[in-house]
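Content type mmCIF, C-alpha atoms, from the file entry-v1.cif:
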```
data_run
#
loop_
_atom_site.group_PDB
_atom_site.id
_atom_site.type_symbol
_atom_site.label_atom_id
_atom_site.label_comp_id
_atom_site.auth_asym_id
_atom_site.auth_seq_id
_atom_site.Cartn_x
_atom_site.Cartn_y
_atom_site.Cartn_z
ATOM 1 C CA ILE Y 124 39.525 37.625 17.024
ATOM 2 C CA VAL Y 125 41.881 39.931 15.085
ATOM 3 C CA LEU Y 126 39.235 41.395 12.754
ATOM 4 C CA GLU Y 127 36.302 41.588 15.165
ATOM 5 C CA VAL Y 128 37.670 41.877 18.718
ATOM 6 C CA CYS Y 129 40.898 43.825 18.079
ATOM 7 C CA GLY Y 130 39.193 45.381 15.051
ATOM 8 C CA GLY Y 131 36.207 46.609 17.082
ATOM 9 C CA CYS Y 132 38.517 48.220 19.624
ATOM 10 C CA GLY Y 133 40.836 49.603 16.924
ATOM 11 C CA ALA Y 134 37.925 50.914 14.839
ATOM 12 C CA ILE Y 135 36.677 53.139 17.675
ATOM 13 C CA TRP Y 136 40.208 54.227 18.580
ATOM 14 C CA GLY Y 137 41.232 55.035 15.004
ATOM 15 C CA PHE Y 138 38.012 56.563 13.694
ATOM 16 C CA SER Y 139 37.654 58.822 16.738
ATOM 17 C CA GLU Y 140 41.001 60.331 15.731
ATOM 18 C CA VAL Y 141 39.962 60.570 12.061
ATOM 19 C CA LEU Y 142 36.934 62.639 13.119
ATOM 20 C CA THR Y 143 39.174 64.744 15.443
ATOM 21 C CA ILE Y 144 36.989 63.700 18.401
ATOM 22 C CA ARG Y 145 39.997 62.140 20.124
ATOM 23 C CA ASN Y 146 42.698 64.553 21.219
ATOM 24 C CA SER Y 147 44.942 65.113 24.225
ATOM 25 C CA ASN Y 148 41.965 66.189 26.351
ATOM 26 C CA THR Y 149 39.710 63.233 25.467
ATOM 27 C CA GLN Y 150 42.401 60.540 25.076
ATOM 28 C CA HIS Y 151 41.521 58.694 28.297
ATOM 29 C CA THR Y 152 37.757 58.745 27.591
ATOM 30 C CA TRP Y 153 38.222 57.265 24.124
ATOM 31 C CA ARG Y 154 40.626 54.635 25.483
ATOM 32 C CA VAL Y 155 37.885 53.476 27.860
ATOM 33 C CA ASN Y 156 35.316 53.572 25.019
ATOM 34 C CA ALA Y 157 37.551 51.563 22.667
ATOM 35 C CA CYS Y 158 38.403 48.955 25.315
ATOM 36 C CA THR Y 159 34.713 48.643 26.249
ATOM 37 C CA ILE Y 160 33.746 48.014 22.625
ATOM 38 C CA GLY Y 161 36.598 45.503 22.348
ATOM 39 C CA PHE Y 162 35.304 43.704 25.461
ATOM 40 C CA ILE Y 163 31.729 43.632 24.075
ATOM 41 C CA PHE Y 164 33.000 42.157 20.813
ATOM 42 C CA PHE Y 165 35.038 39.611 22.786
ATOM 43 C CA ILE Y 166 31.845 38.449 24.544
ATOM 44 C CA ARG Y 167 30.156 38.336 21.116
ATOM 45 C CA TYR Y 168 33.094 36.289 19.822
ATOM 46 C CA LEU Y 169 32.673 33.747 22.663
ATOM 47 C CA LEU Y 170 28.927 33.499 21.983
ATOM 48 C CA GLN Y 171 29.643 32.925 18.282
ATOM 49 C CA ILE Y 172 32.001 30.058 19.207
ATOM 50 C CA ARG Y 173 29.309 28.551 21.430
ATOM 51 C CA ASP Y 174 26.712 28.829 18.659
ATOM 52 C CA PHE Y 175 29.134 27.275 16.169
ATOM 53 C CA ILE Y 176 29.818 24.321 18.476
ATOM 54 C CA ASP Y 177 26.104 23.878 19.188
ATOM 55 C CA HIS Y 178 25.297 24.245 15.460
ATOM 56 C CA ALA Y 179 22.809 26.973 16.356
ATOM 57 C CA ASN Y 180 20.699 28.038 13.402
ATOM 58 C CA VAL Y 181 19.938 31.724 14.007
ATOM 59 C CA LYS Y 182 16.995 33.061 12.029
ATOM 60 C CA ASN Y 183 18.096 36.054 9.895
ATOM 61 C CA THR Y 184 14.815 37.974 10.094
ATOM 62 C CA GLY Y 185 13.111 40.415 12.424
ATOM 63 C CA THR Y 186 13.987 43.722 14.047
ATOM 64 C CA LYS Y 187 16.067 42.153 16.820
ATOM 65 C CA ARG Y 188 18.258 40.335 14.292
ATOM 66 C CA LEU Y 189 18.576 43.500 12.170
ATOM 67 C CA VAL Y 190 19.868 45.444 15.190
ATOM 68 C CA GLN Y 191 22.270 42.622 16.138
ATOM 69 C CA ILE Y 192 23.750 42.395 12.642
ATOM 70 C CA PHE Y 193 23.948 46.051 11.695
ATOM 71 C CA ALA Y 194 25.072 47.459 15.053
ATOM 72 C CA ALA Y 195 28.123 45.198 14.726
ATOM 73 C CA LYS Y 196 28.548 46.121 11.048
ATOM 74 C CA LEU Y 197 28.440 49.845 11.897
ATOM 75 C CA VAL Y 198 31.461 49.436 14.181
ATOM 76 C CA LEU Y 199 33.383 46.822 12.190
ATOM 77 C CA GLU Y 200 32.714 48.000 8.636
ATOM 78 C CA VAL Y 201 31.889 51.732 8.758
ATOM 79 C CA PHE Y 202 34.141 52.904 11.608
ATOM 80 C CA GLY Y 203 36.459 50.007 10.759
ATOM 81 C CA GLY Y 204 36.708 51.012 7.088
ATOM 82 C CA GLY Y 205 37.870 54.526 7.946
ATOM 83 C CA GLY Y 206 39.987 53.271 10.847
ATOM 84 C CA ALA Y 207 41.666 50.638 8.645
ATOM 85 C CA ILE Y 208 42.924 53.295 6.219
ATOM 86 C CA TRP Y 209 43.949 55.603 9.067
ATOM 87 C CA GLY Y 210 45.812 52.938 11.046
ATOM 88 C CA PHE Y 211 47.410 51.054 8.162
ATOM 89 C CA SER Y 212 48.696 54.256 6.555
ATOM 90 C CA GLU Y 213 50.663 54.810 9.773
ATOM 91 C CA VAL Y 214 51.802 51.176 9.895
ATOM 92 C CA LEU Y 215 53.323 51.654 6.424
ATOM 93 C CA THR Y 216 54.820 55.022 7.536
ATOM 94 C CA LEU Y 217 52.782 56.785 4.814
ATOM 95 C CA ARG Y 218 51.027 58.927 7.409
ATOM 96 C CA ASN Y 219 53.196 61.358 9.315
ATOM 97 C CA SER Y 220 53.027 64.962 10.510
ATOM 98 C CA ASN Y 221 53.349 66.243 6.922
ATOM 99 C CA THR Y 222 50.617 64.024 5.429
ATOM 100 C CA GLN Y 223 48.271 63.800 8.433
ATOM 101 C CA GLU Y 224 45.451 65.916 6.994
ATOM 102 C CA GLU Y 225 45.535 64.238 3.542
ATOM 103 C CA TRP Y 226 45.144 60.821 5.174
ATOM 104 C CA ARG Y 227 42.400 62.151 7.448
ATOM 105 C CA LYS Y 228 40.375 63.120 4.353
ATOM 106 C CA ILE Y 229 41.059 59.765 2.666
ATOM 107 C CA ALA Y 230 40.052 57.821 5.800
ATOM 108 C CA ALA Y 231 36.890 59.926 6.253
ATOM 109 C CA THR Y 232 35.991 59.333 2.578
ATOM 110 C CA PHE Y 233 36.316 55.571 3.024
ATOM 111 C CA GLY Y 234 34.188 55.804 6.161
ATOM 112 C CA ALA Y 235 31.497 57.640 4.157
ATOM 113 C CA ILE Y 236 31.626 55.034 1.339
ATOM 114 C CA PHE Y 237 31.275 52.173 3.803
ATOM 115 C CA PHE Y 238 28.401 54.033 5.525
ATOM 116 C CA LEU Y 239 26.522 54.165 2.188
ATOM 117 C CA ARG Y 240 27.284 50.457 1.709
ATOM 118 C CA TRP Y 241 25.926 49.792 5.208
ATOM 119 C CA CYS Y 242 22.686 51.661 4.386
ATOM 120 C CA LEU Y 243 22.270 49.639 1.168
ATOM 121 C CA GLN Y 244 22.832 46.406 3.099
ATOM 122 C CA ILE Y 245 20.089 47.387 5.560
ATOM 123 C CA ALA Y 246 17.743 48.072 2.627
ATOM 124 C CA ASP Y 247 18.547 44.630 1.157
ATOM 125 C CA PHE Y 248 17.954 42.984 4.560
ATOM 126 C CA VAL Y 249 14.579 44.700 5.045
ATOM 127 C CA THR Y 250 13.336 43.964 1.502
ATOM 128 C CA GLY Y 251 14.778 40.441 1.445
ATOM 129 C CA ASN Y 252 16.858 41.218 -1.644
ATOM 130 C CA ASP Y 253 19.777 38.811 -2.171
ATOM 131 C CA PRO Y 254 22.742 40.583 -3.850
ATOM 132 C CA ASN Y 255 24.112 37.150 -4.835
ATOM 133 C CA HIS Y 256 21.055 36.138 -6.882
ATOM 134 C CA LYS Y 257 21.643 34.270 -10.128
ATOM 135 C CA GLY Y 258 20.985 37.279 -12.341
ATOM 136 C CA SER Y 259 23.748 39.401 -10.783
ATOM 137 C CA ASN Y 260 26.934 40.106 -12.751
ATOM 138 C CA LYS Y 261 29.567 37.704 -11.392
ATOM 139 C CA ALA Y 262 32.576 39.890 -12.169
ATOM 140 C CA VAL Y 263 30.981 43.006 -10.643
ATOM 141 C CA ARG Y 264 29.925 41.022 -7.570
ATOM 142 C CA LEU Y 265 33.473 39.674 -7.169
ATOM 143 C CA PHE Y 266 34.858 43.219 -7.314
ATOM 144 C CA GLN Y 267 32.313 44.445 -4.744
ATOM 145 C CA ILE Y 268 33.105 41.636 -2.321
ATOM 146 C CA PHE Y 269 36.894 41.640 -2.546
ATOM 147 C CA SER Y 270 37.486 45.395 -2.745
ATOM 148 C CA ALA Y 271 35.610 45.638 0.579
ATOM 149 C CA LYS Y 272 37.522 42.663 1.971
ATOM 150 C CA LEU Y 273 40.855 44.238 0.980
ATOM 151 C CA VAL Y 274 40.093 47.323 3.082
ATOM 152 C CA LEU Y 275 38.282 45.624 5.976
ATOM 153 C CA GLU Y 276 40.348 42.442 6.314
ATOM 154 C CA VAL Y 277 43.835 43.121 4.903
ATOM 155 C CA PHE Y 278 44.305 46.801 5.802
ATOM 156 C CA GLY Y 279 41.926 46.248 8.735
ATOM 157 C CA GLY Y 280 43.914 43.276 10.050
ATOM 158 C CA GLY Y 281 47.099 45.329 10.244
ATOM 159 C CA GLY Y 282 45.230 48.415 11.473
ATOM 160 C CA ALA Y 283 43.418 46.392 14.156
ATOM 161 C CA ILE Y 284 46.694 45.286 15.739
ATOM 162 C CA TRP Y 285 48.123 48.804 15.467
ATOM 163 C CA GLY Y 286 45.076 50.586 16.940
ATOM 164 C CA ALA Y 287 44.211 48.053 19.641
ATOM 165 C CA SER Y 288 47.832 47.890 20.848
ATOM 166 C CA GLU Y 289 47.755 51.668 21.429
ATOM 167 C CA ALA Y 290 44.280 51.621 23.001
ATOM 168 C CA LEU Y 291 45.480 48.941 25.444
ATOM 169 C CA THR Y 292 48.661 51.010 26.175
ATOM 170 C CA LEU Y 293 50.828 48.150 24.851
ATOM 171 C CA ARG Y 294 52.241 50.345 22.091
ATOM 172 C CA VAL Y 295 54.486 53.045 23.493
ATOM 173 C CA PRO Y 296 57.612 54.697 22.034
ATOM 174 C CA ASP Y 297 59.780 51.787 23.235
ATOM 175 C CA THR Y 298 57.569 49.126 21.570
ATOM 176 C CA GLN Y 299 56.482 51.173 18.529
ATOM 177 C CA GLU Y 300 58.657 49.412 15.937
ATOM 178 C CA TYR Y 301 57.903 45.955 17.340
ATOM 179 C CA PHE Y 302 54.164 46.528 16.895
ATOM 180 C CA ARG Y 303 54.750 48.048 13.445
ATOM 181 C CA GLY Y 304 56.464 44.835 12.338
ATOM 182 C CA PHE Y 305 53.776 42.725 14.008
ATOM 183 C CA ALA Y 306 50.963 44.690 12.311
ATOM 184 C CA GLN Y 307 52.687 44.382 8.920
ATOM 185 C CA ALA Y 308 53.117 40.619 9.424
ATOM 186 C CA VAL Y 309 49.409 40.244 10.283
ATOM 187 C CA ALA Y 310 48.470 42.219 7.145
ATOM 188 C CA ILE Y 311 50.683 39.944 4.996
ATOM 189 C CA VAL Y 312 48.992 36.854 6.473
ATOM 190 C CA PHE Y 313 45.549 38.329 5.791
ATOM 191 C CA PHE Y 314 46.600 39.304 2.265
ATOM 192 C CA GLY Y 315 47.504 35.649 1.607
ATOM 193 C CA ARG Y 316 44.130 34.656 3.054
ATOM 194 C CA TRP Y 317 42.435 37.248 0.782
ATOM 195 C CA LEU Y 318 44.077 35.749 -2.328
ATOM 196 C CA ILE Y 319 42.993 32.228 -1.321
ATOM 197 C CA GLN Y 320 39.433 33.440 -0.689
ATOM 198 C CA MET Y 321 39.362 35.087 -4.117
ATOM 199 C CA LYS Y 322 40.643 31.919 -5.798
ATOM 200 C CA ASN Y 323 37.956 29.847 -4.042
ATOM 201 C CA HIS Y 324 35.252 32.363 -4.978
ATOM 202 C CA VAL Y 325 36.257 32.196 -8.653
ATOM 203 C CA ARG Y 326 36.285 28.387 -8.539
ATOM 204 C CA ASP Y 327 32.832 28.207 -6.935
ATOM 205 C CA ASN Y 328 31.095 30.963 -8.936
ATOM 206 C CA PHE Y 329 32.784 30.766 -12.341
ATOM 207 C CA GLY Y 330 32.087 27.088 -12.815
ATOM 208 C CA ALA Y 331 32.259 26.772 -16.587
ATOM 209 C CA ASP Y 332 35.693 26.909 -18.213
ATOM 210 C CA GLU Y 333 34.505 29.714 -20.529
ATOM 211 C CA ASP Y 334 33.396 31.841 -17.546
ATOM 212 C CA ARG Y 335 36.696 31.265 -15.786
ATOM 213 C CA ILE Y 336 38.756 32.160 -18.859
ATOM 214 C CA ARG Y 337 36.640 35.279 -19.397
ATOM 215 C CA PHE Y 338 37.197 36.390 -15.794
ATOM 216 C CA LEU Y 339 40.949 35.727 -15.931
ATOM 217 C CA ARG Y 340 41.208 37.691 -19.176
ATOM 218 C CA THR Y 341 39.331 40.630 -17.607
ATOM 219 C CA TYR Y 342 41.591 40.439 -14.547
ATOM 220 C CA GLN Y 343 44.763 40.381 -16.678
ATOM 221 C CA ILE Y 344 43.710 43.406 -18.728
ATOM 222 C CA PHE Y 345 42.403 45.622 -15.935
ATOM 223 C CA SER Y 346 44.970 44.777 -13.261
ATOM 224 C CA ALA Y 347 47.576 46.125 -15.717
ATOM 225 C CA LYS Y 348 45.398 49.113 -16.635
ATOM 226 C CA ILE Y 349 44.928 50.229 -13.028
ATOM 227 C CA ILE Y 350 48.711 50.426 -12.561
ATOM 228 C CA LEU Y 351 49.585 51.891 -15.960
ATOM 229 C CA GLU Y 352 46.640 54.232 -16.476
ATOM 230 C CA VAL Y 353 45.252 55.123 -13.039
ATOM 231 C CA CYS Y 354 48.416 55.184 -10.924
ATOM 232 C CA GLY Y 355 50.359 56.194 -14.048
ATOM 233 C CA GLY Y 356 48.014 59.126 -14.738
ATOM 234 C CA ALA Y 357 48.532 60.534 -11.251
ATOM 235 C CA GLY Y 358 52.258 59.716 -11.314
ATOM 236 C CA ALA Y 359 52.674 61.384 -14.708
ATOM 237 C CA ILE Y 360 51.339 64.697 -13.392
ATOM 238 C CA TRP Y 361 53.369 64.378 -10.185
ATOM 239 C CA GLY Y 362 56.611 63.477 -11.958
ATOM 240 C CA PHE Y 363 56.352 65.816 -14.941
ATOM 241 C CA SER Y 364 55.470 68.789 -12.736
ATOM 242 C CA GLU Y 365 58.829 68.250 -11.028
ATOM 243 C CA VAL Y 366 60.646 67.781 -14.350
ATOM 244 C CA LEU Y 367 59.336 71.183 -15.486
ATOM 245 C CA THR Y 368 60.319 72.722 -12.097
ATOM 246 C CA LEU Y 369 56.659 73.611 -11.497
ATOM 247 C CA ARG Y 370 56.543 71.537 -8.314
ATOM 248 C CA ASN Y 371 58.639 72.813 -5.445
ATOM 249 C CA ALA Y 372 58.351 73.257 -1.675
ATOM 250 C CA GLU Y 373 55.818 76.064 -2.082
ATOM 251 C CA THR Y 374 53.572 74.310 -4.627
ATOM 252 C CA VAL Y 375 53.878 70.683 -3.487
ATOM 253 C CA HIS Y 376 50.385 70.552 -1.908
ATOM 254 C CA THR Y 377 48.758 72.101 -4.980
ATOM 255 C CA TRP Y 378 50.367 69.557 -7.284
ATOM 256 C CA ARG Y 379 49.459 66.724 -4.900
ATOM 257 C CA TYR Y 380 45.768 67.640 -5.204
ATOM 258 C CA ILE Y 381 46.062 68.000 -8.990
ATOM 259 C CA ALA Y 382 47.750 64.576 -9.277
ATOM 260 C CA LEU Y 383 45.126 62.922 -7.038
ATOM 261 C CA THR Y 384 42.320 64.560 -9.028
ATOM 262 C CA ILE Y 385 43.754 63.230 -12.286
ATOM 263 C CA GLY Y 386 44.148 59.800 -10.679
ATOM 264 C CA SER Y 387 40.484 59.895 -9.574
ATOM 265 C CA ILE Y 388 39.345 60.830 -13.087
ATOM 266 C CA PHE Y 389 41.328 57.946 -14.556
ATOM 267 C CA LEU Y 390 39.927 55.601 -11.906
ATOM 268 C CA ILE Y 391 36.372 56.490 -12.979
ATOM 269 C CA ARG Y 392 37.444 55.966 -16.601
ATOM 270 C CA TRP Y 393 38.908 52.571 -15.593
ATOM 271 C CA PHE Y 394 35.582 51.486 -14.083
ATOM 272 C CA MET Y 395 33.708 52.596 -17.210
ATOM 273 C CA GLN Y 396 36.140 50.714 -19.462
ATOM 274 C CA MET Y 397 35.717 47.564 -17.379
ATOM 275 C CA GLN Y 398 31.934 47.891 -17.543
ATOM 276 C CA ASP Y 399 32.056 48.326 -21.343
ATOM 277 C CA PHE Y 400 34.436 45.381 -21.714
ATOM 278 C CA ILE Y 401 32.231 43.034 -19.676
ATOM 279 C CA ALA Y 402 29.106 44.187 -21.566
ATOM 280 C CA SER Y 403 30.783 43.634 -24.950
ATOM 281 C CA VAL Y 404 31.958 40.146 -23.980
ATOM 282 C CA GLU Y 405 28.490 39.172 -22.712
ATOM 283 C CA HIS Y 406 26.888 40.569 -25.888
ATOM 284 C CA ALA Y 407 29.322 38.595 -28.075
ATOM 285 C CA ASN Y 408 28.629 35.404 -26.112
ATOM 286 C CA SER Y 409 24.857 35.857 -26.332
ATOM 287 C CA GLY Y 410 25.186 36.342 -30.107
ATOM 288 C CA THR Y 411 27.260 33.153 -30.351
ATOM 289 C CA ALA Y 412 24.679 31.255 -28.301
ATOM 290 C CA ARG Y 413 21.858 32.349 -30.633
ATOM 291 C CA LEU Y 414 23.846 31.119 -33.645
#
```
Would you write the structure of this file as structure tokens?
Amino acid sequence: IVLEVCGGCGAIWGFSEVLTIRNSNTQHTWRVNACTIGFIFFIRYLLQIRDFIDHANVKNTGTKRLVQIFAAKLVLEVFGGGGAIWGFSEVLTLRNSNTQEEWRKIAATFGAIFFLRWCLQIADFVTGNDPNHKGSNKAVRLFQIFSAKLVLEVFGGGGAIWGASEALTLRVPDTQEYFRGFAQAVAIVFFGRWLIQMKNHVRDNFGADEDRIRFLRTYQIFSAKIILEVCGGAGAIWGFSEVLTLRNAETVHTWRYIALTIGSIFLIRWFMQMQDFIASVEHANSGTARL
């Protein structure tokens, strides 16, 4: 109900602001739109409960089923992906009048990424391709699943409460901080749920002890690398530019873009290093198996 009902409402409310469609002149129209979508998803939620109780086995084929699945995914995962970043950045007080446009670009980028993901999912549905087939790389598949879940369910859980509370006119200046704390608490709960889901996924898909040890070793190495090398690369430019007095009030935006660019380059490098590491481990294991 948080992710799909509040999330559906919050996705429309948040993403309409990301795209600058919602402003002071269209505020009321988009409130009605967001609440309508929330109501539709609430009806869908009740039907899902009924189907669950009745053990309904819905056939996942055909045009009708494609429209049912991917119309919901468009709202919850594409608009919701951008809206999650937009809303949760405000929940954490990262987005304010000074950083509004930077966060708009970040949220729109996430929306575009999730739109491409949505298109690929439609292609898989139409062709009958199963992304979880036995030949798929388990570590890559884990990253794909849980990076999306982090945005859609953890950031989205907090953002759903934040956006829906404003759409429903529950969040006003007098209740702003209450709903900020509530949204943060919901995000913490969903983060705990995310960690448990990841643990269960590893247990179910990395059955052999060797596979599990290999995954944990990869996680240990690259969780440290993303902090030290990716965040550190951006932070090094940001911090050292201030040390050298190059960054000041007049050049702060220029150095922010430079730091983010360096961080992006190091993120791509991080992905390539992880890919090379996994390939080298698999090659070593296949060589051992042949011996």
Exercise. Starting from the displayed file, determine the output of the PyMOL selection byres ((chain Y and resi 356) around 12) and express the residue list as an MDAnalysis selection string.
Key: chainID Y and resid 348:355 357:363 381:390 392:393
Quiz prompt | Counting only C-alpha atoms, the option among Y:His376, Y:Val201, Y:Thr149, Y:Leu215 closest to Arg303 in chain Y | solution = Y:Leu215
Quiz prompt | the PyMOL selection byres ((chain Y and resi 260-270) around 9) resolved against shown file, as a PyMOL selection string | solution = chain Y and resi 254-255+257-259+271-275+317+320-321+324-325+328-329+338+341+398+401
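One distance worth recording is that between CA of Arg218 in chain Y and CA of Ile319 in chain Y, which is 29.2 Å.
Excluding Ile229 in chain Y itself and same-chain residues fewer than 2 positions from it, the residues having an atom within 12 Å of it are Y:Phe138, Y:Val141, Y:Leu142, Y:Gly204, Y:Gly205, Y:Gly206, Y:Ala207, Y:Ile208, Y:Trp209, Y:Gly210, Y:Ser212, Y:Arg218, Y:Thr222, Y:Gln223, Y:Glu224, Y:Glu225, Y:Trp226, Y:Arg227, Y:Ala231, Y:Thr232, Y:Phe233, Y:Gly234, Y:Ala235, Y:Ile236, Y:Leu383, counting all atoms listed in the file.
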Self-check item: Residue nearest Ile172 in chain Y - candidates Y:Ile144, Y:Ala402, Y:Ile124, Y:Ala308, atoms counted: all atoms listed in the file
Solution: Y:Ile124
Quiz item: Which distance in Å separates CA of Val155 in chain Y and CA of Thr292 in chain Y, to one decimal?
Solution: 11.2 Å
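Atom to atom, CA of Leu199 in chain Y and CA of Leu126 in chain Y stand 8.0 Å apart.
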Practice problem: Find the residues around Asn156 in chain Y up to 10 Å (all atoms listed in the file counted), leave out those fewer than 6 positions away in its own chain, and share them as a VMD selection string. | Solution: chain Y and resid 132 135 to 136 150 162 290
Practice problem: Show which residues sit within 8 Å of Trp241 in chain Y, as JSON, numbers by chain. Count only C-alpha atoms, and ignore same-chain residues fewer than 2 positions away. | Solution: {"Y": [193, 196, 197, 200, 201, 237, 238, 239, 243, 244, 245]}
Exercise. Determine the residue set returned by the PyMOL selection byres ((chain Y and resi 160) around 12) for the present structure, and present it as an MDAnalysis selection string.
Key: chainID Y and resid 127:136 153:159 161:167 194:195 198:199 287 290
Please return the centre and edge lengths, in Å to one decimal, of a box with edges along x, y and z that contains all listed atoms of range 261-273 of chain Y, widened by 4 Å on every side, as AutoDock Vina command-line options.
```
--center_x 35.2 --center_y 41.7 --center_z -5.1 --size_x 19.3 --size_y 15.9 --size_z 22.1
```
